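**Student:** My structure file run_1.txt, compact mmCIF, C-alpha atoms and all ligand atoms, is below:
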```txt
# COMPACT_ATOMS: atom_id res chain seq x y z
CA MET A 1 29.75 32.25 61.30
CA ILE A 2 31.31 29.91 63.80
CA ASP A 3 34.45 31.94 64.45
CA SER A 4 37.95 30.92 65.38
CA ALA A 5 37.26 31.26 69.11
CA ILE A 6 34.57 28.62 68.77
CA ARG A 7 36.81 26.36 66.77
CA SER A 8 39.45 26.53 69.47
CA GLU A 9 36.79 25.94 72.12
CA LEU A 10 35.69 22.89 70.17
CA LEU A 11 39.27 21.68 70.06
CA HIS A 12 39.39 22.02 73.81
CA LEU A 13 36.17 19.98 74.14
CA GLU A 14 37.38 17.49 71.61
CA LYS A 15 38.09 14.48 73.74
CA SER A 16 35.82 14.81 76.72
CA ILE A 17 32.55 16.04 75.25
CA ILE A 18 32.35 16.16 71.49
CA PRO A 19 32.19 12.39 70.84
CA PHE A 20 29.33 12.00 73.32
CA PRO A 21 26.05 13.60 72.22
CA GLU A 22 24.36 13.24 75.60
CA LYS A 23 27.26 15.03 77.32
CA PHE A 24 27.30 17.65 74.59
CA SER A 25 23.61 18.19 75.08
CA ARG A 26 23.93 18.66 78.83
CA GLY A 27 27.16 20.65 78.82
CA ILE A 28 26.78 22.81 75.72
CA LEU A 29 23.06 22.94 74.97
CA LYS A 30 21.98 22.90 78.61
CA SER A 31 19.41 20.17 77.90
CA ASP A 32 19.23 17.24 80.29
CA MET A 33 17.93 14.05 78.76
CA TRP A 34 16.02 11.34 80.50
CA GLU A 35 17.54 7.89 80.45
CA THR A 36 16.15 6.54 77.18
CA GLN A 37 16.73 9.82 75.34
CA ALA A 38 20.38 9.59 76.40
CA ALA A 39 20.58 5.94 75.34
CA ILE A 40 19.19 6.76 71.89
CA MET A 41 21.70 9.60 71.48
CA HIS A 42 24.49 7.26 72.38
CA ALA A 43 23.18 4.72 69.86
CA VAL A 44 23.28 7.32 67.06
CA ALA A 45 26.89 8.10 67.96
CA THR A 46 27.86 4.44 67.70
CA HIS A 47 25.52 2.77 65.20
CA PRO A 48 24.52 3.68 61.63
CA LEU A 49 20.84 2.69 61.83
CA VAL A 50 18.66 3.54 64.81
CA ALA A 51 14.88 3.17 65.00
CA VAL A 52 12.64 4.32 67.85
CA LYS A 53 8.99 3.35 68.18
CA ALA A 54 7.39 5.17 71.03
CA CYS A 55 4.36 6.64 72.73
CA HIS A 56 3.35 10.26 72.32
CA ALA A 57 5.35 12.96 74.11
CA SER A 58 8.30 10.77 75.06
CA GLY A 59 10.75 13.44 73.90
CA LYS A 60 11.70 12.03 70.49
CA THR A 61 11.63 15.30 68.57
CA PHE A 62 13.33 17.20 71.40
CA MET A 63 16.19 14.70 71.52
CA ALA A 64 16.62 14.49 67.73
CA ALA A 65 16.86 18.28 67.47
CA ARG A 66 19.81 18.25 69.92
CA LEU A 67 21.42 15.43 67.93
CA ALA A 68 21.22 17.59 64.79
CA LEU A 69 23.28 20.36 66.42
CA TRP A 70 25.71 17.87 67.90
CA TRP A 71 26.33 16.26 64.50
CA LEU A 72 27.28 19.59 62.89
CA LEU A 73 29.94 20.35 65.50
CA ARG A 74 31.03 16.73 65.88
CA TRP A 75 32.31 16.68 62.30
CA LEU A 76 32.94 20.37 61.61
CA ASP A 77 35.97 20.77 59.33
CA ARG A 78 35.98 17.06 58.52
CA GLY A 79 34.61 17.10 55.01
CA ARG A 80 31.03 17.60 53.86
CA VAL A 81 28.78 17.46 56.89
CA ARG A 82 25.00 17.29 56.50
CA VAL A 83 21.98 16.89 58.70
CA ILE A 84 18.70 16.23 56.92
CA THR A 85 15.45 16.22 58.82
CA THR A 86 12.26 15.03 57.24
CA ALA A 87 8.68 14.10 58.17
CA PRO A 88 5.48 13.50 56.20
CA THR A 89 4.12 17.04 56.48
CA LEU A 90 5.69 20.48 56.54
CA ARG A 91 3.99 21.17 59.87
CA GLN A 92 5.81 18.19 61.41
CA VAL A 93 9.16 19.26 59.95
CA LYS A 94 8.64 22.74 61.40
CA LEU A 95 8.03 21.27 64.86
CA MET A 96 11.48 19.70 64.68
CA TRP A 97 12.97 22.99 63.54
CA GLU A 98 11.38 24.93 66.38
CA GLU A 99 13.22 22.56 68.72
CA ILE A 100 16.47 22.99 66.75
CA ARG A 101 16.15 26.76 66.95
CA THR A 102 15.40 26.71 70.68
CA ALA A 103 18.39 24.45 71.27
CA ALA A 104 20.71 26.60 69.15
CA GLU A 105 19.62 29.74 70.99
CA ALA A 106 20.34 28.13 74.37
CA SER A 107 23.74 26.83 73.30
CA ARG A 108 26.93 27.96 75.06
CA ILE A 109 28.65 27.84 71.69
CA ALA A 110 27.05 30.52 69.52
CA PHE A 111 25.50 28.96 66.43
CA PRO A 112 24.78 31.13 63.39
CA GLU A 113 21.18 32.28 63.16
CA CYS A 114 18.83 29.38 62.53
CA GLY A 115 16.45 29.76 59.57
CA SER A 116 12.97 28.25 59.58
CA LEU A 117 14.19 25.05 57.92
CA ALA A 118 17.97 25.42 57.63
CA LEU A 119 21.04 26.09 59.71
CA ARG A 120 24.23 26.80 57.85
CA ILE A 121 27.61 26.83 59.55
CA SER A 122 29.59 26.81 56.31
CA ASP A 123 29.21 25.65 52.70
CA ASP A 124 30.41 22.27 53.86
CA CYS A 125 28.48 22.00 57.06
CA TYR A 126 24.74 22.54 57.30
CA ALA A 127 21.40 21.14 58.37
CA MET A 128 18.17 21.38 56.47
CA GLY A 129 14.60 20.16 56.69
CA PHE A 130 11.98 19.26 54.13
CA SER A 131 8.71 17.40 54.11
CA SER A 132 8.87 13.96 52.55
CA SER A 133 5.80 14.60 50.38
CA LYS A 134 7.88 16.94 48.23
CA GLY A 135 9.96 15.16 45.61
CA VAL A 136 13.61 15.57 46.54
CA ASN A 137 16.84 15.48 44.67
CA ALA A 138 18.83 13.26 46.97
CA GLN A 139 22.06 13.87 45.06
CA GLY A 140 22.57 17.14 46.93
CA PHE A 141 22.72 15.30 50.23
CA HIS A 142 25.70 13.09 49.59
CA GLY A 143 28.43 13.85 52.08
CA ASP A 144 31.22 12.55 54.25
CA HIS A 145 29.18 12.66 57.45
CA VAL A 146 25.43 12.63 56.98
CA LEU A 147 22.76 12.31 59.65
CA ILE A 148 19.23 11.68 58.38
CA ILE A 149 16.46 12.20 60.91
CA ALA A 150 13.07 10.83 59.87
CA ASP A 151 10.44 12.05 62.34
CA GLU A 152 6.94 10.52 62.25
CA ALA A 153 8.59 7.88 60.06
CA PRO A 154 5.56 5.59 59.53
CA GLY A 155 4.00 8.30 57.31
CA ILE A 156 7.04 8.62 55.04
CA GLU A 157 6.45 7.11 51.61
CA GLY A 158 8.60 4.52 49.88
CA ASP A 159 10.14 6.89 47.30
CA LEU A 160 12.04 8.78 49.94
CA TRP A 161 13.45 5.61 51.47
CA ASP A 162 14.77 4.71 48.01
CA ALA A 163 16.47 8.11 47.78
CA ILE A 164 17.93 7.61 51.26
CA GLU A 165 19.35 4.24 50.21
CA GLY A 166 21.16 6.14 47.44
CA ILE A 167 22.70 8.54 49.95
CA ARG A 168 23.79 5.61 52.10
CA ALA A 169 25.89 4.22 49.27
CA GLY A 170 28.91 6.36 50.25
CA GLY A 171 30.31 8.12 53.32
CA ASP A 172 29.46 7.86 57.00
CA VAL A 173 25.66 7.98 56.83
CA ARG A 174 23.44 7.49 59.87
CA ILE A 175 19.69 7.21 59.98
CA LEU A 176 17.48 7.90 62.97
CA MET A 177 13.82 6.93 62.50
CA LEU A 178 11.26 8.04 65.06
CA GLY A 179 7.54 7.50 65.31
CA ASN A 180 4.38 6.10 66.82
CA PRO A 181 4.05 2.59 65.46
CA VAL A 182 0.68 3.17 63.81
CA VAL A 183 1.13 1.28 60.54
CA PRO A 184 2.25 -2.35 60.44
CA ALA A 185 3.86 -1.97 57.01
CA GLY A 186 6.59 0.08 55.34
CA ALA A 187 10.22 0.90 56.10
CA PHE A 188 9.61 1.81 59.75
CA TYR A 189 7.76 -1.45 60.39
CA ASP A 190 10.47 -3.43 58.56
CA ALA A 191 13.14 -2.00 60.86
CA PHE A 192 11.42 -3.80 63.74
CA ASN A 193 10.64 -6.93 61.78
CA ARG A 194 12.35 -8.44 58.77
CA GLU A 195 15.27 -5.98 58.89
CA ARG A 196 15.55 -5.94 62.64
CA ALA A 197 19.09 -7.35 62.63
CA SER A 198 20.42 -4.21 60.90
CA TRP A 199 18.84 -1.71 63.25
CA GLN A 200 19.53 -0.64 66.80
CA ARG A 201 15.95 -0.61 68.07
CA PHE A 202 14.19 1.17 70.93
CA THR A 203 10.61 0.85 72.15
CA ILE A 204 9.28 3.42 74.59
CA SER A 205 6.03 2.64 76.36
CA ALA A 206 4.48 5.46 78.37
CA PHE A 207 5.07 3.16 81.35
CA ASP A 208 8.85 3.48 80.79
CA THR A 209 8.84 7.29 80.87
CA PRO A 210 9.69 9.42 83.93
CA ASN A 211 6.13 10.33 84.92
CA LEU A 212 4.94 6.72 84.87
CA GLY A 213 8.14 4.79 85.59
CA GLY A 214 7.42 1.75 87.76
CA GLN A 215 3.65 1.92 87.29
CA THR A 216 1.52 -0.74 85.61
CA LEU A 217 -1.91 -0.72 83.99
CA GLU A 218 -3.32 -2.07 87.25
CA SER A 219 -1.61 0.44 89.53
CA LEU A 220 -2.62 3.32 87.26
CA ARG A 221 -6.22 2.15 87.19
CA ALA A 222 -6.31 2.20 91.00
CA MET A 223 -4.90 5.74 91.35
CA ASP A 224 -6.80 8.63 92.88
CA ALA A 225 -6.76 12.14 91.41
CA ALA A 226 -3.79 13.23 93.53
CA ALA A 227 -1.63 10.32 92.38
CA LEU A 228 -2.69 10.86 88.76
CA ALA A 229 -1.55 14.48 89.00
CA ILE A 230 2.05 13.57 89.91
CA ALA A 231 4.29 14.61 87.01
CA PRO A 232 7.95 15.31 87.77
CA LYS A 233 8.48 16.10 84.07
CA PRO A 234 5.15 17.67 83.14
CA TYR A 235 6.16 18.21 79.50
CA LEU A 236 6.43 14.45 78.91
CA VAL A 237 3.52 12.01 78.68
CA THR A 238 1.53 12.18 81.93
CA ARG A 239 -0.26 9.67 84.12
CA ALA A 240 -3.49 11.60 83.64
CA TRP A 241 -3.28 11.34 79.84
CA VAL A 242 -2.58 7.60 79.88
CA PHE A 243 -5.43 7.09 82.37
CA GLU A 244 -7.80 9.01 80.11
CA LYS A 245 -6.83 6.93 77.07
CA MET A 246 -7.17 3.73 79.05
CA GLU A 247 -10.74 4.73 79.93
CA ARG A 248 -11.64 6.05 76.50
CA TRP A 249 -10.00 3.48 74.20
CA GLY A 250 -9.46 0.46 76.42
CA VAL A 251 -6.11 -1.29 76.61
CA GLU A 252 -6.79 -3.62 73.67
CA HIS A 253 -7.47 -0.78 71.23
CA PRO A 254 -4.88 -0.43 68.43
CA LYS A 255 -4.54 3.28 69.28
CA PHE A 256 -3.71 2.44 72.87
CA ARG A 257 -1.15 -0.11 71.76
CA SER A 258 0.62 2.27 69.42
CA ARG A 259 0.24 5.69 71.05
CA VAL A 260 0.61 4.59 74.67
CA LEU A 261 2.53 1.30 74.65
CA GLY A 262 4.67 1.92 71.56
CA GLU A 263 3.60 -1.36 69.93
CA PHE A 264 2.48 -1.94 66.35
CA PRO A 265 -1.17 -2.86 65.91
CA PRO A 266 -1.55 -6.42 64.67
CA GLN A 267 -2.35 -6.85 60.99
CA SER A 268 -5.20 -9.30 60.66
CA PRO A 269 -4.76 -11.71 57.76
CA TYR A 270 -8.53 -11.39 57.16
CA SER A 271 -8.72 -7.61 56.78
CA VAL A 272 -9.79 -6.38 53.34
CA PHE A 273 -7.91 -3.10 53.64
CA THR A 274 -4.50 -2.97 55.26
CA GLU A 275 -3.92 -0.46 58.05
CA ALA A 276 -1.41 1.18 55.71
CA MET A 277 -4.09 1.78 53.05
CA ILE A 278 -6.44 3.27 55.62
CA GLN A 279 -3.77 5.59 56.99
CA ARG A 280 -3.00 6.77 53.47
CA ALA A 281 -6.67 7.49 52.76
CA LYS A 282 -6.92 9.43 56.03
CA ARG A 283 -4.05 11.77 55.26
CA GLU A 284 -4.76 15.48 55.28
CA PRO A 285 -5.92 16.34 51.73
CA SER A 286 -3.19 18.30 49.97
CA GLU A 287 -3.96 21.08 47.50
CA ASP A 288 -3.33 18.58 44.70
CA ASP A 289 -5.81 16.12 46.23
CA MET A 290 -8.45 18.85 46.44
CA ARG A 291 -7.83 19.97 42.86
CA ALA A 292 -8.06 16.39 41.63
CA LEU A 293 -11.35 15.98 43.48
CA GLN A 294 -12.81 19.20 42.05
CA ASN A 295 -11.97 18.08 38.53
CA MET A 296 -13.32 14.58 38.85
CA PRO A 297 -16.49 14.29 36.76
CA ARG A 298 -19.70 13.49 38.64
CA GLN A 299 -17.80 13.11 41.89
CA GLN A 300 -20.06 12.14 44.75
CA ILE A 301 -19.60 11.84 48.45
CA GLN A 302 -20.32 8.36 49.67
CA VAL A 303 -21.27 7.85 53.26
CA GLY A 304 -21.04 4.53 55.05
CA ILE A 305 -22.99 4.08 58.28
CA GLY A 306 -22.18 1.44 60.87
CA VAL A 307 -25.31 1.21 63.00
CA ALA A 308 -24.68 0.27 66.61
CA GLY A 309 -26.62 -2.53 68.20
CA PRO A 310 -27.45 -2.52 71.90
CA GLY A 311 -24.51 -2.29 74.30
CA ALA A 312 -21.41 -0.13 74.37
CA ASP A 313 -20.96 0.16 70.57
CA GLU A 314 -21.12 3.51 68.82
CA THR A 315 -22.88 4.33 65.58
CA VAL A 316 -20.21 5.56 63.18
CA ILE A 317 -20.46 7.33 59.86
CA ALA A 318 -17.61 7.74 57.39
CA ALA A 319 -17.73 10.05 54.36
CA ARG A 320 -15.47 9.71 51.38
CA ALA A 321 -14.96 11.30 47.99
CA GLY A 322 -12.64 9.58 45.55
CA GLY A 323 -9.73 8.07 47.46
CA LEU A 324 -10.03 10.44 50.42
CA ILE A 325 -11.79 10.01 53.71
CA LEU A 326 -13.44 13.37 54.47
CA GLY A 327 -14.20 12.39 58.03
CA ILE A 328 -15.26 9.69 60.47
CA TRP A 329 -17.78 10.60 63.16
CA PRO A 330 -18.88 8.42 66.09
CA PHE A 331 -22.21 8.88 67.92
CA GLU A 332 -22.58 7.62 71.43
CA ASP A 333 -26.34 8.08 72.03
CA ALA A 334 -28.60 5.04 71.99
CA ASP A 335 -30.72 6.59 69.21
CA PRO A 336 -28.51 9.01 67.28
CA ARG A 337 -30.76 9.38 64.21
CA GLY A 338 -31.31 13.12 64.70
CA ALA A 339 -27.60 13.78 65.23
CA VAL A 340 -26.65 11.65 62.22
CA LEU A 341 -29.06 13.53 59.97
CA ARG A 342 -27.68 16.85 61.13
CA LYS A 343 -24.14 15.65 60.38
CA LEU A 344 -25.17 14.47 56.90
CA ASN A 345 -26.67 17.88 56.14
CA GLU A 346 -23.52 19.53 57.42
CA ILE A 347 -21.29 17.39 55.17
CA GLU A 348 -23.49 18.16 52.19
CA SER A 349 -23.29 21.90 52.76
CA THR A 350 -19.53 21.80 53.45
CA TYR A 351 -18.87 20.28 50.02
CA PRO A 352 -21.58 21.79 47.76
CA GLN A 353 -19.47 21.05 44.66
CA PHE A 354 -20.05 17.31 45.05
CA GLY A 355 -23.83 17.26 44.87
CA PRO A 356 -26.08 15.01 46.91
CA LEU A 357 -24.80 12.39 49.31
CA VAL A 358 -25.03 8.73 48.46
CA ALA A 359 -25.48 6.31 51.33
CA THR A 360 -23.81 2.93 50.93
N1 LIG B 401 14.77 16.25 78.11
C1 LIG B 401 13.86 17.22 78.01
N2 LIG B 401 13.99 18.37 78.72
C2 LIG B 401 13.05 19.36 78.61
N3 LIG B 401 11.95 19.29 77.84
C3 LIG B 401 11.77 18.17 77.10
C4 LIG B 401 12.72 17.09 77.15
N4 LIG B 401 12.26 16.12 76.33
C5 LIG B 401 11.12 16.58 75.79
N5 LIG B 401 10.82 17.80 76.25
C6 LIG B 401 9.59 18.58 75.93
O1 LIG B 401 8.50 17.68 76.09
C7 LIG B 401 7.51 17.85 75.08
C8 LIG B 401 7.31 16.54 74.32
O2 LIG B 401 8.52 16.21 73.65
P1 LIG B 401 8.57 15.83 72.11
O3 LIG B 401 10.00 15.73 71.73
O4 LIG B 401 7.70 16.74 71.31
O5 LIG B 401 7.91 14.37 72.17
P2 LIG B 401 7.58 13.35 71.00
O6 LIG B 401 8.31 13.81 69.77
O7 LIG B 401 8.08 12.04 71.52
O8 LIG B 401 6.09 13.35 70.85
C9 LIG B 401 8.01 18.99 74.20
O9 LIG B 401 7.41 20.18 74.64
C10 LIG B 401 9.51 19.02 74.47
O10 LIG B 401 10.05 20.31 74.29
MG MG B 402 7.57 14.37 67.92
```
Using the file provided, produce a representation of the structure as structure tokens.
Ligand SMILES: Nc1ncnc2c1ncn2[C@@H]1O[C@H](COP(=O)(O)OP(=O)(O)O)[C@@H](O)[C@H]1O
Ligand SMILES: [Mg+2]
**Tutor:**
Amino acid sequence: MIDSAIRSELLHLEKSIIPFPEKFSRGILKSDMWETQAAIMHAVATHPLVAVKACHASGKTFMAARLALWWLLRWLDRGRVRVITTAPTLRQVKLMWEEIRTAAEASRIAFPECGSLALRISDDCYAMGFSSSKGVNAQGFHGDHVLIIADEAPGIEGDLWDAIEGIRAGGDVRILMLGNPVVPAGAFYDAFNRERASWQRFTISAFDTPNLGGQTLESLRAMDAAALAIAPKPYLVTRAWVFEKMERWGVEHPKFRSRVLGEFPPQSPYSVFTEAMIQRAKREPSEDDMRALQNMPRQQIQVGIGVAGPGADETVIAARAGGLILGIWPFEDADPRGAVLRKLNEIESTYPQFGPLVAT
């Protein structure tokens, strides 16, 4: 229980700290934010719709977890107060909740004990998390002050966005969407494109973050090992990691664009399959997917092989069963036939229920 001492402490903080999440985070939760984290927090306090597309390890989840705690105390005793956190998989939701728990434990104001996916201050004021792949009854989330945090938002399916629209119909409802811009389609993409006017938008390139601030692709490329090792905030994306990805993927690669620069990959008008379809096929198979596969009559694994020509290309094999990609494996050697055969045998013995492989 948040007791009366806390309520009076909150009253005392009312004007100077409580309206400002970045100050609340520093003063009460003892978490200092870097510049863009603070700017995003401020945006959530002042704007209903905020979307952040960003590189890996820019501190999105960390910052959102502190916003969740702020929201509960910001509106405590002012009607029905809710924080809802969601992400495509349970594992991702739990990552957010580990941050919420850590933040609550460090807080100067004692929060009630934080459950694995819920924090309840009172019947009227609570936060909870669920994975977006579970069907949800959005009715329960109507409230007077509702903060919806969608982490890894590009992977969240359309049904949930419809439910969220329903919640937005009444009350003070804010949405914070966070993610790597991996899929150029869907609600997250729209927030940066056809619905851009409604959203307060942020893009975080690794080159904007504290460990790389002021550097460029060229300056990073020219760095020696000592310069690459400089990391004033070692928990955030590092120079060494960006350098490695630059070497491995190259700066034109869609993965580099989205995971390092925070930019959506372009959608070619000539592609047969959209990036969104491919991402969906690559999802981790759920128990339902596996059961459906087991029950499919005469299910076979199909393997496609892209044979590399001379040069820097890799030979790649992709195995699928039904609508699921079981794996994609690249081979760097000039003549990878032995390695490919071994991989094919391995796939066959990993999924004995599917019978022999079919090459396409
Ligand atoms: N302002 C901060 N102060 C201390 N640690 C931070 C801060 N921001 C992020 N971190 C830590 O940095 C790491 C990456 O942050 P995270 O929020 O997971 O990034 P993202 O969600 O953007 O991939 C995590 O271990 C997180 O706890
Ligand atoms: Mg994250």
**Student:** What are the closest atom pairs, with distances in Å to one decimal, for each residue of stretch 47-77 of chain A lying within 10 Å of stretch 191-202 of chain A, using all atoms listed in the file, rows by chain and rising residue number, as a tab-separated table?
**Tutor:**
```
residue	atom	partner	partner_atom	distance
A:His47	CA	A:Gln200	CA	7.1
A:Pro48	CA	A:Trp199	CA	8.0
A:Leu49	CA	A:Trp199	CA	5.0
A:Val50	CA	A:Gln200	CA	4.7
A:Ala51	CA	A:Arg201	CA	5.0
A:Val52	CA	A:Phe202	CA	4.7
A:Lys53	CA	A:Phe202	CA	6.3
A:Ala54	CA	A:Phe202	CA	7.9
```
**Student:** Would you mind exporting C-alpha atoms of the selected residues as a short mmCIF file (atom, residue, chain, number, x, y, z; two decimals), in the frame of the given file?
**Tutor:**
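And here is the file that came out, selection32.cif:
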```cif
data_model
loop_
_atom_site.label_atom_id
_atom_site.label_comp_id
_atom_site.auth_asym_id
_atom_site.auth_seq_id
_atom_site.Cartn_x
_atom_site.Cartn_y
_atom_site.Cartn_z
CA HIS A 47 25.52 2.77 65.20
CA PRO A 48 24.52 3.68 61.63
CA LEU A 49 20.84 2.69 61.83
CA VAL A 50 18.66 3.54 64.81
CA ALA A 51 14.88 3.17 65.00
CA VAL A 52 12.64 4.32 67.85
CA LYS A 53 8.99 3.35 68.18
CA ALA A 54 7.39 5.17 71.03
#
```
**Student:** Choose the residue, out of A:Phe207, A:Tyr235, A:Phe111, A:Phe264, that has the smallest atom-to-atom separation from ligand LIG 401 (chain B); count only C-alpha atoms and all ligand atoms.
**Tutor:**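 Of the candidates, the smallest distance to ligand LIG 401 (chain B) is held by A:Tyr235.
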**Student:** Write out as a ChimeraX atom specification which residues come within 6 Å of stretch 321-328 of chain A when counting only C-alpha atoms, dropping same-chain ones fewer than 3 positions away.
**Tutor:** /A:281-282,301,317-318
**Student:** Using all atoms listed in the file, what are the residues with an atom within 12 Å of ligand MG 402 (chain B), set out as a VMD selection string?
**Tutor:** chain A and resid 52 to 65 86 to 88 91 to 99 149 to 153 177 to 180 236 to 237 259
**Student:** When distances are computed from all atoms listed in the file, which of A:Ser133, A:Ser122, A:Asn211, A:Gln353 shows the smallest separation from ligand LIG 401 (chain B)?
**Tutor:**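 Answer, going by the shortest atom-to-atom distance: A:Asn211.
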**Student:** State, in Å with one decimal place, the distance from atom CA of A:Pro232 to atom CA of A:His253.
**Tutor:**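 Rounded to one decimal, the two atoms are 27.8 Å apart.
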**Student:** Excluding same-chain residues fewer than 6 positions from stretch 27-39 of chain A, what lies within 9 Å of it counting all atoms listed in the file, as a tab-separated table (two decimals) with C-alpha atoms, keeping the file's coordinate frame?
**Tutor:**
```tsv
chain	number	residue	atom	x	y	z
A	17	ILE	CA	32.55	16.04	75.25
A	21	PRO	CA	26.05	13.60	72.22
A	58	SER	CA	8.30	10.77	75.06
A	59	GLY	CA	10.75	13.44	73.90
A	60	LYS	CA	11.70	12.03	70.49
A	63	MET	CA	16.19	14.70	71.52
A	64	ALA	CA	16.62	14.49	67.73
A	66	ARG	CA	19.81	18.25	69.92
A	69	LEU	CA	23.28	20.36	66.42
A	103	ALA	CA	18.39	24.45	71.27
A	104	ALA	CA	20.71	26.60	69.15
A	105	GLU	CA	19.62	29.74	70.99
A	106	ALA	CA	20.34	28.13	74.37
A	107	SER	CA	23.74	26.83	73.30
A	108	ARG	CA	26.93	27.96	75.06
A	109	ILE	CA	28.65	27.84	71.69
A	202	PHE	CA	14.19	1.17	70.93
A	204	ILE	CA	9.28	3.42	74.59
A	208	ASP	CA	8.85	3.48	80.79
A	209	THR	CA	8.84	7.29	80.87
A	210	PRO	CA	9.69	9.42	83.93
```
**Student:** Report, in Å to a single decimal, how far apart atom CA of A:Leu176 and atom CA of A:Ala43 are.
**Tutor:**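 According to the coordinates, atom CA of A:Ala43 and atom CA of A:Leu176 are separated by 9.5 Å.
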**Student:** Measuring between only C-alpha atoms and all ligand atoms, which one of A:Ser16, A:Thr315, A:Ser205, A:Ser286 shows the shortest distance to ligand LIG 401 (chain B)?
**Tutor:**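 Of the candidates, the smallest distance to ligand LIG 401 (chain B) is held by A:Ser205.
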**Student:** Could you check which of A:Pro181, A:Gly309, A:Pro266, A:Pro356 is closest to ligand LIG 401 (chain B), using all atoms listed in the file?
**Tutor:**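 Once distances to ligand LIG 401 (chain B) are computed over all atoms listed in the file, the minimum belongs to A:Pro181.
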**Student:** Using all atoms listed in the file, which residue out of A:Gln300, A:Asn295, A:Gln215, A:Thr238 lies closest to ligand LIG 401 (chain B)?
**Tutor:**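 Closest to ligand LIG 401 (chain B) of all the choices is A:Thr238.
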**Student:** In Å, rounded to a single decimal, give me how far atom CA of A:Glu247 is from atom CA of A:Gly262.
**Tutor:** 17.8 Å
